[in-house]
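What follows is the content of data.pdb (PDB, C-alpha atoms).
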```
MODEL        1
ATOM      1  CA  MET A 128     -24.335  18.232   5.569
ATOM      2  CA  SER A 129     -23.271  21.443   7.308
ATOM      3  CA  SER A 130     -19.785  22.762   6.711
ATOM      4  CA  GLY A 131     -17.130  21.045   8.830
ATOM      5  CA  SER A 132     -19.426  18.365  10.205
ATOM      6  CA  LEU A 133     -18.674  14.658  10.050
ATOM      7  CA  LYS A 134     -21.036  11.747   9.484
ATOM      8  CA  VAL A 135     -20.986   9.727  12.693
ATOM      9  CA  ASN A 136     -22.410   6.261  13.227
ATOM     10  CA  GLU A 137     -21.650   5.922  16.944
ATOM     11  CA  ILE A 138     -19.326   6.946  19.765
ATOM     12  CA  PHE A 139     -18.770   4.479  22.613
ATOM     13  CA  TYR A 140     -16.292   3.532  25.338
ATOM     14  CA  SER A 141     -14.828   0.029  25.336
ATOM     15  CA  LEU A 142     -11.606  -1.955  24.951
ATOM     16  CA  GLN A 143      -9.435  -2.108  21.867
ATOM     17  CA  GLY A 144      -9.919  -5.661  20.665
ATOM     18  CA  GLU A 145      -7.396  -5.871  17.815
ATOM     19  CA  GLY A 146      -3.722  -5.243  17.057
ATOM     20  CA  PRO A 147      -0.843  -4.313  19.376
ATOM     21  CA  TYR A 148      -3.013  -2.134  21.644
ATOM     22  CA  THR A 149      -5.387  -5.018  22.422
ATOM     23  CA  GLY A 150      -6.808  -4.757  25.913
ATOM     24  CA  TYR A 151      -6.401  -1.010  26.380
ATOM     25  CA  ALA A 152      -9.446   1.162  27.083
ATOM     26  CA  ALA A 153     -10.426   3.524  24.268
ATOM     27  CA  VAL A 154     -13.219   5.771  23.116
ATOM     28  CA  PHE A 155     -14.345   4.637  19.672
ATOM     29  CA  VAL A 156     -15.493   7.259  17.191
ATOM     30  CA  ARG A 157     -17.092   5.276  14.379
ATOM     31  CA  LEU A 158     -17.599   7.464  11.343
ATOM     32  CA  ALA A 159     -20.317   6.464   8.908
ATOM     33  CA  GLY A 160     -19.887   5.208   5.372
ATOM     34  CA  CYS A 161     -17.408   3.207   3.317
ATOM     35  CA  SER A 162     -17.232   2.813  -0.445
ATOM     36  CA  MET A 163     -15.368  -0.506  -0.288
ATOM     37  CA  GLY A 164     -18.319  -2.888   0.207
ATOM     38  CA  CYS A 165     -16.385  -5.951   1.416
ATOM     39  CA  GLU A 166     -18.784  -8.895   1.605
ATOM     40  CA  TRP A 167     -17.407 -10.144   4.946
ATOM     41  CA  CYS A 168     -17.362  -6.714   6.619
ATOM     42  CA  ASP A 169     -18.414  -7.059  10.274
ATOM     43  CA  THR A 170     -19.492  -3.412  10.619
ATOM     44  CA  LYS A 171     -21.954  -3.071   7.738
ATOM     45  CA  TYR A 172     -24.224  -1.183  10.114
ATOM     46  CA  SER A 173     -21.689   1.663  10.023
ATOM     47  CA  GLN A 174     -22.998   2.723   6.613
ATOM     48  CA  LYS A 175     -25.800   4.495   8.460
ATOM     49  CA  THR A 176     -25.276   8.096   9.559
ATOM     50  CA  ASN A 177     -26.853   8.516  12.995
ATOM     51  CA  ALA A 178     -25.578  12.054  13.606
ATOM     52  CA  LEU A 179     -23.808  14.953  11.919
ATOM     53  CA  MET A 180     -21.248  16.284  14.378
ATOM     54  CA  HIS A 181     -18.679  19.062  14.342
ATOM     55  CA  PRO A 182     -15.211  18.219  15.723
ATOM     56  CA  GLU A 183     -15.983  20.224  18.896
ATOM     57  CA  GLU A 184     -19.042  18.053  19.540
ATOM     58  CA  ILE A 185     -17.029  14.867  19.027
ATOM     59  CA  LEU A 186     -14.353  16.113  21.431
ATOM     60  CA  LYS A 187     -17.048  16.845  24.026
ATOM     61  CA  GLU A 188     -18.314  13.257  23.752
ATOM     62  CA  ILE A 189     -14.786  11.839  24.075
ATOM     63  CA  LYS A 190     -14.110  13.960  27.155
ATOM     64  CA  LYS A 191     -17.084  12.366  28.947
ATOM     65  CA  TYR A 192     -14.850   9.350  29.581
ATOM     66  CA  ALA A 193     -11.760   9.123  31.785
ATOM     67  CA  CYS A 194      -9.608   7.878  28.916
ATOM     68  CA  PRO A 195      -6.903   9.710  26.950
ATOM     69  CA  ARG A 196      -7.200   7.441  23.889
ATOM     70  CA  ALA A 197      -9.594   7.757  20.935
ATOM     71  CA  ILE A 198      -9.856   5.353  18.007
ATOM     72  CA  ILE A 199     -11.199   6.898  14.813
ATOM     73  CA  THR A 200     -12.691   4.061  12.803
ATOM     74  CA  GLY A 201     -15.573   3.245  10.490
ATOM     75  CA  GLY A 202     -16.780   2.454   8.002
ATOM     76  CA  GLU A 203     -13.850   4.190   6.426
ATOM     77  CA  PRO A 204     -12.887   7.333   8.365
ATOM     78  CA  CYS A 205     -10.413   8.640   5.798
ATOM     79  CA  GLU A 206     -13.159   9.116   3.206
ATOM     80  CA  GLN A 207     -14.241  12.142   5.258
ATOM     81  CA  GLN A 208     -12.347  15.366   5.993
ATOM     82  CA  ILE A 209     -10.968  14.366   9.386
ATOM     83  CA  GLY A 210      -7.999  16.769   9.445
ATOM     84  CA  PRO A 211      -9.738  19.409  11.634
ATOM     85  CA  LEU A 212     -10.868  16.704  14.066
ATOM     86  CA  LEU A 213      -7.340  15.305  14.386
ATOM     87  CA  LYS A 214      -5.891  18.772  15.056
ATOM     88  CA  LEU A 215      -8.516  19.490  17.709
ATOM     89  CA  LEU A 216      -8.047  16.153  19.471
ATOM     90  CA  TYR A 217      -4.260  16.495  19.442
ATOM     91  CA  LYS A 218      -4.469  20.055  20.802
ATOM     92  CA  ASN A 219      -6.618  18.769  23.668
ATOM     93  CA  GLY A 220      -4.286  15.955  24.658
ATOM     94  CA  VAL A 221      -6.165  13.043  23.113
ATOM     95  CA  GLU A 222      -4.021  10.112  21.950
ATOM     96  CA  ILE A 223      -5.248   9.476  18.404
ATOM     97  CA  HIS A 224      -5.498   6.050  16.797
ATOM     98  CA  ILE A 225      -6.905   5.574  13.297
ATOM     99  CA  GLU A 226      -8.092   2.339  11.706
ATOM    100  CA  THR A 227      -8.388   2.523   7.930
ATOM    101  CA  ASN A 228      -8.324   0.355   4.817
ATOM    102  CA  GLY A 229      -5.645   2.681   3.464
ATOM    103  CA  SER A 230      -7.443   3.570   0.247
ATOM    104  CA  ALA A 231      -7.379   7.336   0.971
ATOM    105  CA  ASP A 232      -4.164   9.131   1.901
ATOM    106  CA  ILE A 233      -4.160  11.405   4.963
ATOM    107  CA  ASP A 234      -1.608  13.378   6.972
ATOM    108  CA  SER A 235      -0.758  11.079   9.879
ATOM    109  CA  GLY A 236       1.613  13.421  11.692
ATOM    110  CA  LEU A 237      -0.661  13.838  14.731
ATOM    111  CA  VAL A 238      -1.590  10.160  14.976
ATOM    112  CA  LYS A 239      -0.155   7.911  17.695
ATOM    113  CA  CYS A 240      -1.091   4.677  15.913
ATOM    114  CA  LEU A 241      -2.127   4.403  12.271
ATOM    115  CA  THR A 242      -3.460   0.935  11.514
ATOM    116  CA  VAL A 243      -3.904   0.081   7.849
ATOM    117  CA  SER A 244      -5.954  -3.018   7.106
ATOM    118  CA  PRO A 245      -5.590  -3.238   3.324
ATOM    119  CA  LYS A 246      -8.553  -4.385   1.255
ATOM    120  CA  LYS A 247      -8.794  -3.233  -2.385
ATOM    121  CA  ASN A 248      -6.142  -0.924  -3.852
ATOM    122  CA  PRO A 249      -4.555   0.492  -0.693
ATOM    123  CA  SER A 250      -2.455   3.622  -1.048
ATOM    124  CA  GLU A 251       1.248   2.818  -1.116
ATOM    125  CA  ALA A 252       1.860   6.051   0.793
ATOM    126  CA  MET A 253      -0.494   4.943   3.572
ATOM    127  CA  LEU A 254       1.120   1.511   3.812
ATOM    128  CA  LYS A 255       4.511   3.194   4.240
ATOM    129  CA  LYS A 256       3.118   5.490   6.977
ATOM    130  CA  ALA A 257       1.399   2.683   8.886
ATOM    131  CA  ASP A 258       2.424   1.850  12.442
ATOM    132  CA  VAL A 259       0.452  -1.371  12.057
ATOM    133  CA  ILE A 260      -0.415  -3.288   8.899
ATOM    134  CA  LYS A 261      -3.174  -5.733   9.785
ATOM    135  CA  CYS A 262      -4.314  -8.265   7.216
ATOM    136  CA  VAL A 263      -7.436 -10.383   7.480
ATOM    137  CA  ILE A 264      -6.992 -14.039   6.602
ATOM    138  CA  ASP A 265     -10.143 -15.676   5.274
ATOM    139  CA  ALA A 266     -11.213 -18.798   3.404
ATOM    140  CA  GLN A 267      -9.899 -17.584   0.039
ATOM    141  CA  GLU A 268      -7.041 -19.725  -1.187
ATOM    142  CA  ASP A 269      -4.665 -16.822  -1.822
ATOM    143  CA  SER A 270      -5.481 -14.623   1.209
ATOM    144  CA  ALA A 271      -2.221 -15.579   2.965
ATOM    145  CA  ARG A 272      -0.137 -14.865  -0.138
ATOM    146  CA  GLN A 273      -1.848 -11.520  -0.619
ATOM    147  CA  ALA A 274      -1.231 -10.612   3.017
ATOM    148  CA  LEU A 275       2.490 -11.358   2.894
ATOM    149  CA  GLN A 276       3.055  -8.966   0.000
ATOM    150  CA  TYR A 277       2.332  -5.990   2.268
ATOM    151  CA  GLN A 278       5.314  -6.702   4.522
ATOM    152  CA  LYS A 279       7.612  -4.913   2.084
ATOM    153  CA  TYR A 280       6.006  -1.583   3.012
ATOM    154  CA  LEU A 281       6.714  -1.817   6.752
ATOM    155  CA  LYS A 282       8.603   1.165   8.118
ATOM    156  CA  PRO A 283      11.145   0.575  10.914
ATOM    157  CA  GLY A 284       9.363  -0.319  14.142
ATOM    158  CA  ALA A 285       6.017  -1.008  12.476
ATOM    159  CA  VAL A 286       4.072  -4.162  13.349
ATOM    160  CA  PHE A 287       2.673  -6.669  10.867
ATOM    161  CA  CYS A 288      -0.406  -8.554  12.124
ATOM    162  CA  ILE A 289      -2.630 -11.181  10.601
ATOM    163  CA  GLN A 290      -6.148 -11.714  11.864
ATOM    164  CA  PRO A 291      -8.480 -14.665  11.284
ATOM    165  CA  GLU A 292     -11.703 -13.423   9.692
ATOM    166  CA  GLY A 293     -14.559 -13.834  12.152
ATOM    167  CA  ASN A 294     -12.269 -15.649  14.628
ATOM    168  CA  LYS A 295     -13.218 -18.802  12.688
ATOM    169  CA  GLN A 296     -11.180 -21.889  13.546
ATOM    170  CA  GLU A 297     -10.234 -22.685   9.945
ATOM    171  CA  ASN A 298      -8.953 -19.142   9.462
ATOM    172  CA  LEU A 299      -7.108 -19.235  12.775
ATOM    173  CA  THR A 300      -5.413 -22.469  11.718
ATOM    174  CA  LYS A 301      -4.212 -20.777   8.512
ATOM    175  CA  CYS A 302      -2.881 -17.871  10.569
ATOM    176  CA  LEU A 303      -0.978 -20.146  12.955
ATOM    177  CA  GLU A 304       0.638 -22.013  10.068
ATOM    178  CA  LEU A 305       1.640 -18.728   8.442
ATOM    179  CA  ILE A 306       3.149 -17.357  11.656
ATOM    180  CA  LYS A 307       5.175 -20.521  12.232
ATOM    181  CA  GLN A 308       6.613 -20.118   8.741
ATOM    182  CA  ASN A 309       7.117 -16.357   9.202
ATOM    183  CA  PRO A 310       7.910 -15.734  12.903
ATOM    184  CA  GLN A 311       8.155 -11.957  12.441
ATOM    185  CA  ILE A 312       4.348 -11.853  11.993
ATOM    186  CA  ARG A 313       2.099 -11.218  14.975
ATOM    187  CA  LEU A 314      -1.333 -12.792  15.557
ATOM    188  CA  SER A 315      -4.310 -10.520  16.191
ATOM    189  CA  VAL A 316      -7.640 -12.001  17.245
ATOM    190  CA  GLN A 317     -10.824 -10.040  17.868
ATOM    191  CA  LEU A 318     -10.700 -10.027  21.660
ATOM    192  CA  HIS A 319     -13.883  -7.986  21.983
ATOM    193  CA  LYS A 320     -15.812 -10.774  20.272
ATOM    194  CA  LEU A 321     -14.252 -13.442  22.477
ATOM    195  CA  ILE A 322     -15.238 -11.609  25.660
ATOM    196  CA  ASN A 323     -18.550 -10.413  24.197
ATOM    197  CA  VAL A 324     -18.138  -6.638  24.477
ATOM    198  CA  LYS A 325     -18.830  -3.988  21.855
TER
ENDMDL
END
```

Take the structure in this file and express it as structure tokens.
Amino acid sequence: MSSGSLKVNEIFYSLQGEGPYTGYAAVFVRLAGCSMGCEWCDTKYSQKTNALMHPEEILKEIKKYACPRAIITGGEPCEQQIGPLLKLLYKNGVEIHIETNGSADIDSGLVKCLTVSPKKNPSEAMLKKADVIKCVIDAQEDSARQALQYQKYLKPGAVFCIQPEGNKQENLTKCLELIKQNPQIRLSVQLHKLINVK
């Protein structure tokens, strides 16, 4: 890999389908690779590197679209050296959103919205920086209990979301019960899957 380049899986223009920015247009920069290996991951294809791109090349792709918002996602974007990319995007007026599992700590000072979706061993520092903590609720008996423990890290003004894995009805039912018991929690569903867009 050449110096300064990033492993990219894909770059595409769509709608944000999750979290508090649901429904807004965004350019998605999906970086390749993740060491986590979650069995229910819905972006396993992102392990594949389809291009090596310098930050300037990524910016050029983003600028093809009439949208000021870019979502850096994966895979796991924070496993790569994204600092130069963030500085370049910020300098060029791009509103930066990052979606991460929180396992690797980064400087989030230039980021408009840092979403941490904790999986295994998230960084406490990243949880405390998060603008959004988004927990996936699945069929495991203790997934709701595990999710609730992350609320203690919320900074003032941050949002805590729970999301039913795969939009499955049984997981949605668990989410609704949890929200009724904890009305400060917000529901996030995968809108892009419901309306069948990428």

*asked:* Selection in question (the file shown): the PyMOL selection byres ((chain A and resi 184-192) around 12). Which residues does it include, as number ranges by chain?
replied: A: 131-141, 152-158, 178-183, 193-199, 209, 211-223

*Tell me which protein, DNA and RNA residues are within 6 Å of Gly144 (chain A), counting all atoms listed in the file, leaving out same-chain ones fewer than 5 positions away, and put them as a PyMOL selection string.*
chain A and resi 149+317-319

*All residues 7 Å or closer to Ser315 (chain A), all atoms listed in the file, same chain fewer than 3 positions away omitted, as a PyMOL selection string*: chain A and resi 145-146+288-290

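Each of A:Thr242, A:Gln273, A:Ser162, A:Ser235 was checked against Tyr148 (chain A) using all atoms listed in the file; the smallest atom-to-atom distance is that of A:Thr242.
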
Who sits within 9 Å of region 243-248 of chain A, only C-alpha atoms, same chain under 5 positions skipped, as a compact mmCIF listing (two decimals) with C-alpha atoms, keeping the file's coordinate frame:
```txt
# COMPACT_ATOMS: atom_id res chain seq x y z
CA MET A 163 -15.37 -0.51 -0.29
CA CYS A 165 -16.39 -5.95 1.42
CA ILE A 225 -6.90 5.57 13.30
CA GLU A 226 -8.09 2.34 11.71
CA THR A 227 -8.39 2.52 7.93
CA ASN A 228 -8.32 0.36 4.82
CA GLY A 229 -5.64 2.68 3.46
CA SER A 230 -7.44 3.57 0.25
CA MET A 253 -0.49 4.94 3.57
CA LEU A 254 1.12 1.51 3.81
CA LYS A 256 3.12 5.49 6.98
CA ALA A 257 1.40 2.68 8.89
CA ASP A 258 2.42 1.85 12.44
CA VAL A 259 0.45 -1.37 12.06
CA ILE A 260 -0.42 -3.29 8.90
CA LYS A 261 -3.17 -5.73 9.78
CA CYS A 262 -4.31 -8.26 7.22
CA VAL A 263 -7.44 -10.38 7.48
CA ALA A 274 -1.23 -10.61 3.02
CA TYR A 277 2.33 -5.99 2.27
```

*Hey, can you check how far CA of Gln174 (chain A) sits from CA of His224 (chain A)?*
20.5 Å

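You can rank A:Val286, A:Gly201, A:Glu251, A:Ala266 by their closest distance to Pro147 (chain A) using all atoms listed in the file, and at the top of that list sits A:Val286.
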
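Here CA of Asn309 (chain A) and CA of Glu166 (chain A) stand 28.0 Å from one another.
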
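Nearest to Ser270 (chain A) of all the residues A:Ala231, A:Val324, A:Leu305, A:Cys240 is A:Leu305, counting all atoms listed in the file.
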
*asked:* Residues within 12 Å of Thr300 (chain A), please, as an MDAnalysis selection string. Count all atoms listed in the file; anything in the same chain fewer than 3 positions from it doesn't count.
replied: chainID A and resid 264:266 271 289:292 294:297 303:307 314

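The residue that comes closest to Cys161 (chain A), out of A:Val238, A:Ile312, A:Leu281, A:Cys205 and on the basis of all atoms listed in the file, is A:Cys205.
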
Filled-in N, CA, C and O atoms of region 245-257 of chain A, supplied as a tab-separated table (two decimals), in the frame of the given file:
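Output contents, as saved in rebuild_6.tsv:
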```
chain	number	residue	atom	x	y	z
A	245	PRO	N	-5.37	-3.38	4.77
A	245	PRO	CA	-5.59	-3.24	3.32
A	245	PRO	C	-6.66	-4.18	2.79
A	245	PRO	O	-6.72	-5.34	3.15
A	246	LYS	N	-7.51	-3.62	1.94
A	246	LYS	CA	-8.55	-4.38	1.25
A	246	LYS	C	-8.28	-4.30	-0.25
A	246	LYS	O	-7.40	-4.97	-0.74
A	247	LYS	N	-9.00	-3.40	-0.95
A	247	LYS	CA	-8.79	-3.23	-2.38
A	247	LYS	C	-8.01	-1.96	-2.65
A	247	LYS	O	-8.36	-0.89	-2.16
A	248	ASN	N	-6.93	-2.07	-3.39
A	248	ASN	CA	-6.14	-0.92	-3.85
A	248	ASN	C	-5.74	0.05	-2.74
A	248	ASN	O	-6.06	1.24	-2.80
A	249	PRO	N	-5.02	-0.43	-1.72
A	249	PRO	CA	-4.56	0.49	-0.69
A	249	PRO	C	-3.51	1.45	-1.25
A	249	PRO	O	-2.78	1.13	-2.19
A	250	SER	N	-3.45	2.63	-0.66
A	250	SER	CA	-2.46	3.62	-1.05
A	250	SER	C	-1.08	3.17	-0.57
A	250	SER	O	-0.89	2.84	0.59
A	251	GLU	N	-0.12	3.18	-1.49
A	251	GLU	CA	1.25	2.82	-1.12
A	251	GLU	C	1.79	3.78	-0.06
A	251	GLU	O	2.50	3.38	0.87
A	252	ALA	N	1.41	5.05	-0.18
A	252	ALA	CA	1.86	6.05	0.79
A	252	ALA	C	1.34	5.72	2.19
A	252	ALA	O	2.06	5.85	3.19
A	253	MET	N	0.08	5.28	2.27
A	253	MET	CA	-0.49	4.94	3.57
A	253	MET	C	0.16	3.69	4.16
A	253	MET	O	0.39	3.62	5.37
A	254	LEU	N	0.45	2.71	3.33
A	254	LEU	CA	1.12	1.51	3.81
A	254	LEU	C	2.49	1.85	4.40
A	254	LEU	O	2.90	1.30	5.41
A	255	LYS	N	3.18	2.79	3.77
A	255	LYS	CA	4.51	3.19	4.24
A	255	LYS	C	4.44	4.02	5.52
A	255	LYS	O	5.39	4.06	6.29
A	256	LYS	N	3.31	4.70	5.75
A	256	LYS	CA	3.12	5.49	6.98
A	256	LYS	C	2.65	4.64	8.15
A	256	LYS	O	2.77	5.05	9.31
A	257	ALA	N	2.09	3.48	7.87
A	257	ALA	CA	1.40	2.68	8.89
A	257	ALA	C	2.31	2.29	10.05
A	257	ALA	O	3.46	1.89	9.84
```
